[in-house]
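Enquirer: Input file: query-v2.csv. Contents: CSV, C-alpha atoms.
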```csv
chain,number,residue,atom,x,y,z
A,1,MET,CA,36.8,-22.8,-13.7
A,2,HIS,CA,35.7,-20.0,-16.1
A,3,GLU,CA,32.0,-19.2,-16.3
A,4,LEU,CA,32.4,-18.2,-19.9
A,5,ASP,CA,33.7,-21.6,-20.9
A,6,GLU,CA,30.5,-23.3,-19.8
A,7,GLN,CA,28.4,-20.9,-21.9
A,8,LEU,CA,30.8,-21.3,-24.8
A,9,ARG,CA,30.7,-25.0,-24.6
A,10,GLU,CA,26.9,-25.0,-24.9
A,11,LEU,CA,27.0,-22.8,-28.0
A,12,ILE,CA,29.7,-24.8,-29.8
A,13,PRO,CA,27.3,-27.0,-31.8
A,14,ARG,CA,25.5,-23.9,-33.1
A,15,LEU,CA,28.7,-22.2,-34.0
A,16,ARG,CA,29.8,-25.3,-35.9
A,17,ARG,CA,26.6,-25.5,-37.7
A,18,PHE,CA,26.8,-21.9,-38.7
A,19,ALA,CA,30.4,-22.4,-39.8
A,20,VAL,CA,29.5,-25.4,-41.9
A,21,SER,CA,26.8,-23.4,-43.6
A,22,LEU,CA,29.4,-20.8,-44.5
A,23,THR,CA,32.3,-23.0,-45.5
A,24,ARG,CA,30.4,-26.2,-46.5
A,25,ASN,CA,33.3,-28.2,-45.2
A,26,THR,CA,33.5,-29.7,-41.7
A,27,SER,CA,37.2,-29.3,-41.1
A,28,SER,CA,37.4,-25.7,-42.3
A,29,ALA,CA,34.3,-25.0,-40.3
A,30,ASP,CA,36.1,-26.3,-37.1
A,31,ASP,CA,39.1,-24.1,-37.9
A,32,LEU,CA,36.8,-21.2,-38.1
A,33,VAL,CA,35.0,-22.1,-34.9
A,34,GLN,CA,38.4,-22.5,-33.1
A,35,SER,CA,39.6,-19.0,-34.1
A,36,THR,CA,36.2,-17.6,-33.2
A,37,LEU,CA,36.5,-19.1,-29.7
A,38,GLU,CA,40.0,-17.8,-29.4
A,39,ARG,CA,39.0,-14.3,-30.3
A,40,ALA,CA,36.0,-14.5,-28.0
A,41,ILE,CA,38.1,-15.6,-25.0
A,42,ILE,CA,40.6,-12.8,-25.6
A,43,ARG,CA,38.1,-10.1,-26.1
A,44,TRP,CA,35.8,-11.2,-23.3
A,45,ALA,CA,38.0,-9.4,-20.8
A,46,ASP,CA,37.2,-6.0,-22.1
A,47,LYS,CA,33.7,-6.7,-23.2
A,48,ARG,CA,30.6,-5.7,-21.3
A,49,LEU,CA,28.2,-8.0,-22.9
A,50,GLU,CA,24.8,-6.5,-23.5
A,51,GLY,CA,22.4,-8.8,-25.2
A,52,ASP,CA,22.9,-12.2,-26.6
A,53,LEU,CA,26.2,-14.1,-26.3
A,54,ARG,CA,25.2,-16.2,-29.3
A,55,ALA,CA,24.7,-13.1,-31.5
A,56,TRP,CA,28.1,-11.8,-30.5
A,57,LEU,CA,29.8,-15.1,-31.3
A,58,PHE,CA,28.0,-15.3,-34.7
A,59,SER,CA,29.2,-11.9,-35.5
A,60,ILE,CA,32.8,-12.8,-34.6
A,61,LEU,CA,32.6,-15.9,-36.7
A,62,TYR,CA,31.1,-14.2,-39.6
A,63,ARG,CA,33.8,-11.5,-39.7
A,64,GLN,CA,36.5,-14.1,-39.4
A,65,PHE,CA,35.0,-16.0,-42.3
A,66,LEU,CA,34.9,-12.8,-44.5
A,67,ASP,CA,38.4,-12.0,-43.4
A,68,ALA,CA,39.7,-15.4,-44.2
A,69,HIS,CA,37.9,-15.1,-47.5
A,70,ARG,CA,40.0,-12.0,-48.2
A,71,ARG,CA,43.3,-13.3,-46.9
A,72,SER,CA,42.7,-16.4,-48.9
A,73,ARG,CA,46.2,-17.7,-49.2
A,74,ARG,CA,46.7,-18.1,-45.5
A,75,TYR,CA,43.6,-20.2,-45.3
A,76,ALA,CA,44.2,-22.8,-47.9
A,77,ARG,CA,42.0,-25.4,-46.4
A,78,MET,CA,39.1,-23.0,-45.9
A,79,LEU,CA,39.6,-22.0,-49.5
A,80,GLU,CA,39.1,-25.4,-50.9
A,81,PHE,CA,35.5,-24.5,-51.4
A,82,PHE,CA,36.3,-21.3,-53.3
A,83,THR,CA,38.7,-23.0,-55.6
A,84,GLY,CA,36.2,-25.6,-56.4
A,85,ARG,CA,38.1,-28.4,-54.8
A,86,ASP,CA,35.4,-30.2,-53.0
A,87,ASP,CA,35.3,-32.6,-50.2
A,88,ALA,CA,35.3,-36.0,-51.7
A,89,GLN,CA,34.1,-37.7,-48.5
A,90,PRO,CA,30.4,-37.7,-47.7
A,91,SER,CA,30.0,-35.9,-44.4
A,92,VAL,CA,27.1,-35.2,-42.2
A,93,GLU,CA,26.2,-32.0,-43.9
A,94,ARG,CA,26.6,-33.4,-47.4
A,95,THR,CA,24.2,-36.2,-46.7
A,96,VAL,CA,21.7,-33.8,-45.3
A,97,MET,CA,22.2,-31.4,-48.3
A,98,ALA,CA,20.5,-34.0,-50.4
A,99,GLN,CA,17.2,-32.4,-49.4
A,100,SER,CA,16.0,-29.8,-51.8
A,101,THR,CA,15.6,-26.9,-49.4
A,102,LEU,CA,19.2,-27.4,-48.3
A,103,GLN,CA,20.2,-27.7,-51.9
A,104,ALA,CA,18.6,-24.4,-52.6
A,105,PHE,CA,20.1,-22.9,-49.4
A,106,ASP,CA,23.5,-24.1,-50.5
A,107,GLN,CA,23.2,-22.0,-53.7
A,108,LEU,CA,22.6,-18.7,-52.0
A,109,ASN,CA,25.4,-16.3,-51.5
A,110,THR,CA,27.3,-16.1,-48.2
A,111,GLU,CA,25.3,-13.2,-46.7
A,112,GLN,CA,22.0,-14.8,-47.6
A,113,ARG,CA,22.9,-18.0,-46.0
A,114,ALA,CA,24.0,-16.2,-42.9
A,115,LEU,CA,20.8,-14.2,-42.8
A,116,LEU,CA,18.5,-17.1,-43.2
A,117,LEU,CA,20.3,-19.1,-40.6
A,118,TRP,CA,20.3,-16.3,-38.1
A,119,VAL,CA,16.7,-15.4,-38.6
A,120,SER,CA,14.9,-18.5,-39.6
A,121,VAL,CA,16.9,-21.1,-37.8
A,122,GLU,CA,18.4,-19.4,-34.8
A,123,GLY,CA,15.6,-16.9,-34.3
A,124,LEU,CA,17.8,-13.8,-33.8
A,125,SER,CA,16.0,-10.5,-33.9
A,126,TYR,CA,16.3,-8.1,-36.8
A,127,LYS,CA,18.0,-5.8,-34.4
A,128,GLU,CA,20.7,-8.3,-33.5
A,129,VAL,CA,21.3,-9.1,-37.1
A,130,ALA,CA,21.5,-5.4,-37.9
A,131,GLU,CA,24.2,-5.1,-35.3
A,132,ILE,CA,26.1,-8.1,-36.6
A,133,LEU,CA,26.1,-6.7,-40.2
A,134,ASP,CA,26.4,-3.2,-39.0
A,135,VAL,CA,23.6,-2.0,-41.2
A,136,PRO,CA,20.2,-0.4,-40.5
A,137,ILE,CA,17.3,-2.7,-39.6
A,138,GLY,CA,15.5,-1.7,-42.8
A,139,THR,CA,18.4,-3.0,-44.8
A,140,VAL,CA,18.3,-6.3,-43.0
A,141,MET,CA,14.7,-6.6,-43.8
A,142,SER,CA,15.1,-6.0,-47.5
A,143,ARG,CA,18.1,-8.3,-47.8
A,144,LEU,CA,16.2,-10.9,-45.9
A,145,SER,CA,13.3,-10.5,-48.2
A,146,ARG,CA,15.6,-11.0,-51.2
A,147,ALA,CA,17.2,-14.0,-49.6
A,148,ARG,CA,13.8,-15.6,-48.9
A,149,GLN,CA,12.6,-15.0,-52.5
A,150,ALA,CA,15.8,-16.5,-53.8
A,151,LEU,CA,15.4,-19.6,-51.6
A,152,ARG,CA,11.8,-19.9,-52.6
A,153,GLN,CA,12.6,-19.7,-56.3
A,154,LEU,CA,15.5,-22.1,-56.0
A,155,SER,CA,13.4,-24.6,-54.1
A,156,ASP,CA,10.8,-24.5,-56.8
A,157,GLY,CA,13.5,-24.9,-59.5
A,158,GLU,CA,12.5,-21.6,-61.1
A,159,ILE,CA,16.0,-20.2,-61.4
A,160,ALA,CA,18.9,-22.2,-62.7
A,161,SER,CA,21.7,-22.0,-60.3
A,162,PRO,CA,24.5,-20.4,-62.4
A,163,SER,CA,22.7,-17.1,-62.8
A,164,LEU,CA,22.2,-16.8,-59.1
A,165,ARG,CA,25.8,-17.3,-58.3
A,166,ILE,CA,26.5,-13.9,-59.8
A,167,LEU,CA,24.1,-12.2,-57.4
A,168,LYS,CA,26.7,-10.8,-55.1
B,1,MET,CA,0.9,-0.4,-35.7
B,2,ILE,CA,0.9,-1.9,-39.2
B,3,SER,CA,-1.1,-0.6,-42.0
B,4,LEU,CA,-3.2,-2.6,-44.5
B,5,PRO,CA,-2.5,-4.0,-47.0
B,6,PRO,CA,0.6,-5.1,-45.2
B,7,SER,CA,4.0,-4.3,-46.7
B,8,GLU,CA,6.3,-7.1,-47.6
B,9,ARG,CA,8.4,-6.3,-44.6
B,10,ASP,CA,5.5,-6.8,-42.3
B,11,LEU,CA,4.9,-10.2,-43.9
B,12,HIS,CA,8.4,-11.2,-43.2
B,13,ALA,CA,8.3,-9.9,-39.7
B,14,TYR,CA,5.2,-12.0,-39.3
B,15,VAL,CA,7.0,-15.1,-40.5
B,16,ASP,CA,9.8,-14.4,-38.1
B,17,HIS,CA,7.6,-13.8,-35.1
B,18,GLN,CA,8.9,-10.3,-34.8
B,19,LEU,CA,5.6,-8.4,-34.9
B,20,LEU,CA,3.9,-7.1,-31.9
B,21,GLU,CA,1.1,-9.3,-30.6
B,22,SER,CA,-1.6,-6.7,-31.7
B,23,ASP,CA,-0.1,-6.4,-35.2
B,24,ARG,CA,0.1,-10.2,-35.5
B,25,ARG,CA,-3.6,-10.5,-34.9
B,26,VAL,CA,-4.4,-7.8,-37.4
B,27,LEU,CA,-2.3,-9.5,-40.0
B,28,GLU,CA,-3.8,-12.9,-39.4
B,29,THR,CA,-7.3,-11.5,-39.9
B,30,TYR,CA,-6.0,-10.0,-43.1
B,31,LEU,CA,-4.4,-13.2,-44.3
B,32,ALA,CA,-7.6,-15.2,-43.7
B,33,ALA,CA,-9.3,-12.9,-46.2
B,34,HIS,CA,-6.5,-12.9,-48.7
B,35,PRO,CA,-5.6,-16.5,-49.7
B,36,ASP,CA,-3.1,-15.4,-52.3
B,37,VAL,CA,-1.0,-13.4,-49.8
B,38,ALA,CA,-1.5,-16.2,-47.2
B,39,ALA,CA,-0.1,-18.7,-49.7
B,40,GLN,CA,3.0,-16.6,-50.1
B,41,VAL,CA,3.5,-16.3,-46.4
B,42,GLN,CA,2.9,-20.0,-45.9
B,43,ALA,CA,5.5,-20.9,-48.5
B,44,TRP,CA,8.1,-18.8,-46.6
B,45,GLN,CA,7.1,-20.4,-43.3
B,46,GLN,CA,7.4,-23.8,-44.9
B,47,ASP,CA,10.9,-22.9,-46.2
B,48,ALA,CA,11.9,-21.8,-42.8
B,49,GLN,CA,10.6,-25.0,-41.2
B,50,LEU,CA,12.3,-27.2,-43.8
B,51,LEU,CA,15.5,-25.3,-43.3
B,52,ARG,CA,15.3,-25.7,-39.5
B,53,ALA,CA,14.6,-29.4,-39.9
B,54,SER,CA,17.4,-30.1,-42.3
B,55,LEU,CA,19.9,-28.1,-40.4
B,56,SER,CA,19.1,-29.7,-37.1
B,57,GLY,CA,21.2,-32.7,-38.0
B,58,ALA,CA,24.3,-30.4,-38.1
B,59,LEU,CA,23.9,-29.9,-34.3
B,60,GLN,CA,24.5,-33.5,-33.7
B,61,GLN,CA,28.1,-33.7,-34.9
B,62,PRO,CA,30.4,-35.6,-32.6
B,63,ALA,CA,32.3,-33.2,-30.3
B,64,ASN,CA,35.7,-32.0,-31.5
B,65,PRO,CA,38.1,-31.9,-28.5
B,66,GLU,CA,40.2,-29.3,-30.2
B,67,LEU,CA,37.4,-26.9,-29.7
B,68,ASP,CA,37.2,-27.1,-25.9
B,69,PRO,CA,37.3,-23.6,-24.4
B,70,ALA,CA,39.6,-24.6,-21.6
B,71,LEU,CA,42.1,-26.0,-24.1
B,72,ILE,CA,41.9,-22.9,-26.2
B,73,ARG,CA,42.4,-20.7,-23.2
B,74,GLN,CA,45.5,-22.7,-22.3
B,75,ARG,CA,46.8,-22.3,-25.8
B,76,ILE,CA,46.3,-18.5,-25.6
B,77,ARG,CA,48.2,-18.4,-22.4
B,78,HIS,CA,51.2,-20.1,-24.0
B,79,GLN,CA,51.1,-17.7,-26.8
B,80,SER,CA,51.1,-14.7,-24.5
B,81,ARG,CA,53.9,-16.2,-22.5
B,82,ARG,CA,55.9,-16.3,-25.8
B,83,HIS,CA,55.1,-12.6,-26.3
B,84,LEU,CA,56.2,-11.9,-22.8
B,85,ALA,CA,59.5,-13.7,-23.4
B,86,THR,CA,60.1,-11.4,-26.4
B,87,ALA,CA,59.4,-8.4,-24.2
B,88,ALA,CA,61.9,-9.8,-21.7
B,89,VAL,CA,64.6,-10.0,-24.3
B,90,LEU,CA,64.1,-6.3,-25.1
B,91,LEU,CA,64.4,-5.5,-21.4
B,92,ILE,CA,67.6,-7.5,-21.2
B,93,ALA,CA,69.0,-5.7,-24.2
B,94,VAL,CA,68.6,-2.5,-22.3
B,95,SER,CA,70.2,-3.7,-19.1
B,96,LEU,CA,73.2,-5.2,-20.9
B,97,GLY,CA,73.7,-2.0,-22.7
B,98,GLY,CA,73.3,-0.1,-19.5
B,99,ILE,CA,75.9,-2.3,-17.7
B,100,GLY,CA,78.3,-1.8,-20.6
B,101,GLY,CA,77.9,1.9,-20.4
B,102,TRP,CA,78.3,1.9,-16.7
B,103,HIS,CA,81.5,-0.1,-16.9
B,104,ALA,CA,82.7,2.3,-19.6
B,105,ARG,CA,82.3,5.2,-17.3
B,106,GLU,CA,83.7,3.6,-14.2
B,107,VAL,CA,86.7,1.9,-15.7
B,108,THR,CA,88.1,4.7,-17.7
B,109,GLN,CA,91.0,2.7,-19.2
B,110,PRO,CA,90.4,0.0,-20.6
B,111,PRO,CA,87.0,1.3,-21.8
B,112,MET,CA,85.2,-1.9,-21.2
B,113,LEU,CA,85.9,-5.3,-19.8
B,114,PRO,CA,85.9,-7.8,-22.7
B,115,MET,CA,82.7,-9.7,-23.2
B,116,ALA,CA,81.1,-8.5,-20.0
B,117,ASP,CA,77.8,-9.0,-21.7
B,118,ALA,CA,78.6,-12.7,-22.2
B,119,MET,CA,79.1,-13.1,-18.4
B,120,GLN,CA,76.0,-11.0,-17.6
B,121,ALA,CA,74.0,-13.2,-20.0
B,122,PHE,CA,75.3,-16.3,-18.2
B,123,ARG,CA,74.2,-14.9,-14.9
B,124,LEU,CA,70.7,-14.1,-16.1
B,125,PHE,CA,70.0,-17.3,-17.9
B,126,ALA,CA,72.1,-20.0,-16.4
B,127,GLN,CA,72.0,-18.9,-12.8
B,128,ASP,CA,68.8,-16.9,-12.4
B,129,GLY,CA,66.9,-18.8,-15.1
B,130,ILE,CA,64.7,-15.9,-15.8
B,131,LEU,CA,63.8,-16.5,-19.4
B,132,PRO,CA,62.5,-19.5,-21.4
B,133,ALA,CA,64.8,-20.4,-24.2
B,134,ASP,CA,64.2,-19.3,-27.8
B,135,TYR,CA,65.3,-22.7,-29.1
B,136,ASN,CA,65.6,-26.1,-27.6
B,137,THR,CA,67.3,-29.2,-28.9
B,138,GLN,CA,64.7,-31.5,-27.4
B,139,GLY,CA,63.7,-33.9,-30.1
B,140,SER,CA,65.6,-33.5,-33.4
B,141,GLY,CA,66.7,-29.9,-32.9
B,142,ASN,CA,70.0,-28.9,-34.4
B,143,MET,CA,71.7,-26.1,-32.5
B,144,GLN,CA,74.3,-25.4,-35.1
B,145,ALA,CA,71.6,-25.0,-37.8
B,146,TRP,CA,69.7,-22.7,-35.5
B,147,LEU,CA,72.7,-20.6,-34.9
B,148,ASP,CA,73.6,-20.4,-38.6
B,149,ARG,CA,70.3,-18.8,-39.2
B,150,TYR,CA,71.5,-15.7,-37.4
B,151,PHE,CA,75.3,-15.7,-37.8
B,152,ASN,CA,77.0,-16.1,-41.1
B,153,GLN,CA,79.9,-18.5,-41.3
B,154,ALA,CA,80.9,-18.0,-37.7
B,155,HIS,CA,83.1,-20.4,-35.8
B,156,ARG,CA,81.4,-23.7,-35.1
B,157,LEU,CA,80.0,-24.6,-31.8
B,158,PRO,CA,82.7,-26.3,-29.8
B,159,ASP,CA,82.1,-30.0,-29.4
B,160,LEU,CA,82.2,-30.8,-25.6
B,161,SER,CA,80.5,-34.1,-25.9
B,162,ALA,CA,83.6,-36.0,-24.8
B,163,SER,CA,83.3,-34.2,-21.5
B,164,GLY,CA,79.6,-34.9,-21.3
B,165,PHE,CA,78.4,-31.5,-22.2
B,166,THR,CA,75.8,-31.0,-25.0
B,167,PRO,CA,74.0,-27.9,-26.3
B,168,VAL,CA,70.5,-27.8,-24.8
B,169,SER,CA,69.1,-24.4,-25.4
B,170,GLY,CA,69.6,-21.2,-27.3
B,171,ARG,CA,68.7,-17.6,-26.7
B,172,LEU,CA,68.8,-14.5,-28.8
B,173,LEU,CA,69.7,-11.2,-27.3
B,174,THR,CA,70.4,-7.7,-28.6
B,175,THR,CA,73.4,-5.8,-27.3
B,176,GLU,CA,75.0,-2.5,-28.1
B,177,SER,CA,77.2,-4.3,-30.5
B,178,GLY,CA,74.4,-6.0,-32.4
B,179,ALA,CA,72.5,-9.2,-32.2
B,180,ALA,CA,74.0,-11.9,-29.9
B,181,ALA,CA,73.2,-15.5,-29.1
B,182,MET,CA,73.9,-17.6,-26.2
B,183,VAL,CA,73.9,-21.4,-26.4
B,184,MET,CA,73.7,-23.3,-23.2
B,185,TYR,CA,75.5,-26.6,-22.7
B,186,GLU,CA,74.6,-28.9,-19.9
B,187,ASN,CA,76.0,-32.2,-18.6
B,188,ARG,CA,74.2,-34.9,-16.8
B,189,GLU,CA,74.8,-33.3,-13.4
B,190,GLY,CA,73.2,-30.1,-14.6
B,191,HIS,CA,76.4,-28.1,-14.7
B,192,LYS,CA,76.2,-25.4,-17.3
B,193,ILE,CA,78.6,-23.8,-19.8
B,194,SER,CA,77.6,-21.1,-22.2
B,195,PHE,CA,78.8,-20.3,-25.7
B,196,TYR,CA,78.3,-16.6,-26.6
B,197,ILE,CA,78.6,-15.0,-30.0
B,198,ARG,CA,78.0,-11.5,-31.2
B,199,PRO,CA,79.4,-9.0,-33.8
B,200,PRO,CA,82.5,-7.0,-32.7
B,201,GLY,CA,80.5,-3.7,-32.7
B,202,PRO,CA,80.8,-0.6,-34.8
B,203,GLU,CA,84.4,0.0,-33.8
B,204,ASN,CA,85.4,-3.6,-34.8
B,205,ASN,CA,86.7,-4.4,-31.3
B,206,PHE,CA,88.3,-7.8,-32.1
B,207,LEU,CA,89.8,-9.4,-29.1
B,208,PRO,CA,93.1,-11.1,-28.6
B,209,ARG,CA,92.6,-14.5,-27.1
B,210,GLY,CA,92.2,-14.1,-23.4
B,211,SER,CA,90.4,-15.1,-20.3
B,212,ARG,CA,89.3,-13.4,-17.1
B,213,SER,CA,87.2,-14.2,-14.1
B,214,ALA,CA,84.8,-12.0,-12.2
B,215,ASP,CA,82.2,-12.7,-9.5
B,216,GLY,CA,82.7,-16.4,-9.6
B,217,LEU,CA,82.5,-16.7,-13.3
B,218,GLN,CA,85.2,-17.6,-15.7
B,219,ALA,CA,85.2,-16.4,-19.3
B,220,GLU,CA,87.4,-17.4,-22.2
B,221,TYR,CA,87.1,-15.1,-25.2
B,222,TRP,CA,88.4,-14.8,-28.7
B,223,SER,CA,87.6,-13.4,-32.1
B,224,GLY,CA,87.3,-14.9,-35.6
B,225,ALA,CA,85.3,-15.0,-38.8
B,226,GLY,CA,84.0,-11.6,-38.1
B,227,TYR,CA,82.6,-12.2,-34.6
B,228,ASN,CA,83.6,-12.1,-31.0
B,229,TYR,CA,83.0,-15.2,-28.9
B,230,ALA,CA,83.1,-16.2,-25.2
B,231,MET,CA,82.7,-19.3,-23.3
B,232,VAL,CA,81.5,-18.8,-19.7
B,233,SER,CA,81.3,-21.1,-16.8
B,234,PRO,CA,81.5,-21.0,-13.0
B,235,ASN,CA,85.2,-20.7,-12.3
B,236,ASP,CA,85.3,-23.0,-9.3
B,237,GLU,CA,84.5,-26.1,-11.3
B,238,PRO,CA,86.6,-28.3,-13.4
B,239,THR,CA,84.5,-27.0,-16.3
B,240,ALA,CA,86.6,-23.9,-16.4
B,241,ARG,CA,89.6,-26.1,-17.1
B,242,LEU,CA,87.7,-28.1,-19.6
B,243,ILE,CA,86.9,-24.9,-21.6
B,244,LYS,CA,90.5,-23.8,-21.6
B,245,GLN,CA,91.5,-27.1,-23.2
B,246,THR,CA,88.6,-27.2,-25.7
B,247,ILE,CA,89.3,-23.7,-27.1
B,248,LYS,CA,92.8,-24.3,-28.3
B,249,PHE,CA,92.1,-24.3,-32.0
```
Give the structure from this file in structure tokens form.
Expert:
Amino acid sequence: MHELDEQLRELIPRLRRFAVSLTRNTSSADDLVQSTLERAIIRWADKRLEGDLRAWLFSILYRQFLDAHRRSRRYARMLEFFTGRDDAQPSVERTVMAQSTLQAFDQLNTEQRALLLWVSVEGLSYKEVAEILDVPIGTVMSRLSRARQALRQLSDGEIASPSLRILK
Amino acid sequence: MISLPPSERDLHAYVDHQLLESDRRVLETYLAAHPDVAAQVQAWQQDAQLLRASLSGALQQPANPELDPALIRQRIRHQSRRHLATAAVLLIAVSLGGIGGWHAREVTQPPMLPMADAMQAFRLFAQDGILPADYNTQGSGNMQAWLDRYFNQAHRLPDLSASGFTPVSGRLLTTESGAAAMVMYENREGHKISFYIRPPGPENNFLPRGSRSADGLQAEYWSGAGYNYAMVSPNDEPTARLIKQTIKF
């Protein structure tokens, strides 16, 4: 019935993957995707979409995540991660996380994870990322450079994880 | 055009396929001659590849039906209908107030027909059915508990169950005299009776027990425990008689 729905449906797996990489928890991730879709559907009416629908959705999702982060009490489930109460059950992403690159990725801060996923995995342009984060392209590039160095060093085991947690 | 030696940014742009084709070729020539820089770039490329590979599994999650856009769209529509309902309540508040005022001007003495708003509310909700209820007893709902949330120690809802009438829905309204609620009773045949409650207003207009009919409706009204009450029904039905009998406390 709605042409947007079809496009959204195709992008849901990517949104869920991004959400999992932010929340590290499947059910919180789906909550996040759901509220992202809601917002997208509501906003679609007054949006003249220039550019990539995917980048627009990523940006909504990322904001929602940061907002939820701030309004922590209302998102108890999403917050399990921040309070250190971890998912006991092995889930898809947990199993995959066993690989060392992912282990390293998992230790990066939120923005670095988002940056690497957008650029290295999803192939968004620097310009699109700059728009999502609302910063100049140069800033994107230097943050990306830092994220990549951090990932490299973590993969090599050069930096112990606790010191890196403080980065942001 | 990039300059050589390349900046770190150019190297990243190369890894991310974001260099112009001409720049890319220049850089590749440079890398071929500088194995240390090439090794660095290669490590980044490898990290990116590993990341892509290990995250590709996350795309294969079983679908979650809760995330279907059509379902979400439907949910949003329900929500906005609720907002609309709230807006309608405000609208009704205005029209009840308006009618009251209009009565007050036309009928100079007495200033206002008692509980005209209760009858007006019955017309709007029971007869025109213009607004979804704020509260339904479907399931395990308790109408008295719902009412007690808004009215403190008021008279209990009359028990009409012996006559086959049970409370089915509740609506909140605002009137000139303050917040009001109307509880709708229905029997198996779909006949309706309403119970209406509101504060007496700033002038404490408590009412002697009484009844009146207007435009095919019958209202019984009284006061007690700090509130005014009315029970309204169509007056050509035996329900009117039923109310009279019920409200003899």
Enquirer: Please provide the set of residues having any atom within 12 Å of Tyr221 in chain B, restricted to all atoms listed in the file, with same-chain residues fewer than 6 positions apart removed, written as JSON, numbers by chain.
Expert: {"B": [113, 114, 115, 116, 117, 118, 119, 194, 195, 196, 197, 198, 200, 206, 207, 208, 209, 210, 211, 212, 213, 227, 228, 229, 230, 231, 232, 233, 243, 244, 247, 248]}
Enquirer: Please measure the separation of CA of Ala39 in chain B and CA of Leu151 in chain A, giving the value in Å to one decimal.
Expert: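 According to the coordinates, CA of Ala39 in chain B and CA of Leu151 in chain A are separated by 15.6 Å.
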Enquirer: What lies within 8 Å of range 9-11 of chain B using all atoms listed in the file, ignoring chain neighbours under 4 positions off, as a PDB file with C-alpha atoms, in the frame of the given file?
Expert:
```pdb
ATOM      1  CA  MET A 141      14.700  -6.600 -43.800  1.00  0.00           C
ATOM      2  CA  SER A 142      15.100  -6.000 -47.500  1.00  0.00           C
ATOM      3  CA  SER A 145      13.300 -10.500 -48.200  1.00  0.00           C
TER       4      SER A 145
ATOM      5  CA  ILE B   2       0.900  -1.900 -39.200  1.00  0.00           C
ATOM      6  CA  VAL B  15       7.000 -15.100 -40.500  1.00  0.00           C
ATOM      7  CA  LEU B  19       5.600  -8.400 -34.900  1.00  0.00           C
ATOM      8  CA  VAL B  41       3.500 -16.300 -46.400  1.00  0.00           C
TER       9      VAL B  41
END
```
Enquirer: Would you kindly return, as a list of chain:residue names, each protein, DNA or RNA residue with an atom no farther than 7 Å from any atom of Leu172 in chain B, considering all atoms listed in the file and excluding same-chain residues fewer than 4 positions away?
Expert: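 My list of contacting residues is B:Asp134, B:Ala180, B:Ala181, B:Met182.
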Enquirer: Which residues come within 12 Å of Asn142 in chain B, counting all atoms listed in the file, excluding same-chain residues fewer than 6 positions away, as a short mmCIF file (atom, residue, chain, number, x, y, z; two decimals) with C-alpha atoms, in the frame of the given file?
Expert:
```cif
data_model
loop_
_atom_site.label_atom_id
_atom_site.label_comp_id
_atom_site.auth_asym_id
_atom_site.auth_seq_id
_atom_site.Cartn_x
_atom_site.Cartn_y
_atom_site.Cartn_z
CA TYR B 135 65.30 -22.70 -29.10
CA ASN B 136 65.60 -26.10 -27.60
CA ASP B 148 73.60 -20.40 -38.60
CA ARG B 149 70.30 -18.80 -39.20
CA LEU B 157 80.00 -24.60 -31.80
CA THR B 166 75.80 -31.00 -25.00
CA PRO B 167 74.00 -27.90 -26.30
CA VAL B 168 70.50 -27.80 -24.80
CA SER B 169 69.10 -24.40 -25.40
CA GLY B 170 69.60 -21.20 -27.30
CA VAL B 183 73.90 -21.40 -26.40
#
```
Enquirer: Could you build a table of the residues in chain B lying no more than 6 Å from chain A, giving for each the nearest pair of atoms and their separation in Å rounded to one decimal place, using only C-alpha atoms, ordered by chain and ascending residue number, as JSON lines?
Expert:
```
{"residue": "B:Ala48", "atom": "CA", "partner": "A:Ser120", "partner_atom": "CA", "distance": 5.5}
{"residue": "B:Arg52", "atom": "CA", "partner": "A:Val121", "partner_atom": "CA", "distance": 5.2}
{"residue": "B:Ala58", "atom": "CA", "partner": "A:Arg17", "partner_atom": "CA", "distance": 5.4}
{"residue": "B:Leu59", "atom": "CA", "partner": "A:Pro13", "partner_atom": "CA", "distance": 5.1}
{"residue": "B:Leu67", "atom": "CA", "partner": "A:Gln34", "partner_atom": "CA", "distance": 5.6}
{"residue": "B:Pro69", "atom": "CA", "partner": "A:Asp5", "partner_atom": "CA", "distance": 5.4}
```
Enquirer: Those selected residues, please, written with C-alpha atoms and delivered as an mmCIF file, in the coordinates of the input.
Expert:
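Dumped everything to result-v2.cif:
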```
data_model
loop_
_atom_site.group_PDB
_atom_site.id
_atom_site.type_symbol
_atom_site.label_atom_id
_atom_site.label_comp_id
_atom_site.auth_asym_id
_atom_site.auth_seq_id
_atom_site.Cartn_x
_atom_site.Cartn_y
_atom_site.Cartn_z
ATOM 1 C CA ALA B 48 11.900 -21.800 -42.800
ATOM 2 C CA ARG B 52 15.300 -25.700 -39.500
ATOM 3 C CA ALA B 58 24.300 -30.400 -38.100
ATOM 4 C CA LEU B 59 23.900 -29.900 -34.300
ATOM 5 C CA LEU B 67 37.400 -26.900 -29.700
ATOM 6 C CA PRO B 69 37.300 -23.600 -24.400
#
```
Enquirer: So the first atom is CA of Asp215 in chain B and the second is CA of Glu203 in chain B; what is the distance between them in Å, to one decimal place?
Expert: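 Interatomic distance, CA of Asp215 in chain B to CA of Glu203 in chain B: 27.5 Å.
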Enquirer: To one decimal place, how far is CA of Glu220 in chain B from CA of Ala126 in chain B in Å?
Expert: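 Between these atoms lies a distance of 16.6 Å.
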Enquirer: May I have the residues within 9 Å of Ile132 in chain A as a list of chain:residue names, using only C-alpha atoms and disregarding those fewer than 2 positions away in the same chain?
Expert: A:Ala55, A:Trp56, A:Phe58, A:Ser59, A:Ile60, A:Tyr62, A:Arg63, A:Lys127, A:Glu128, A:Val129, A:Ala130, A:Asp134, A:Val135
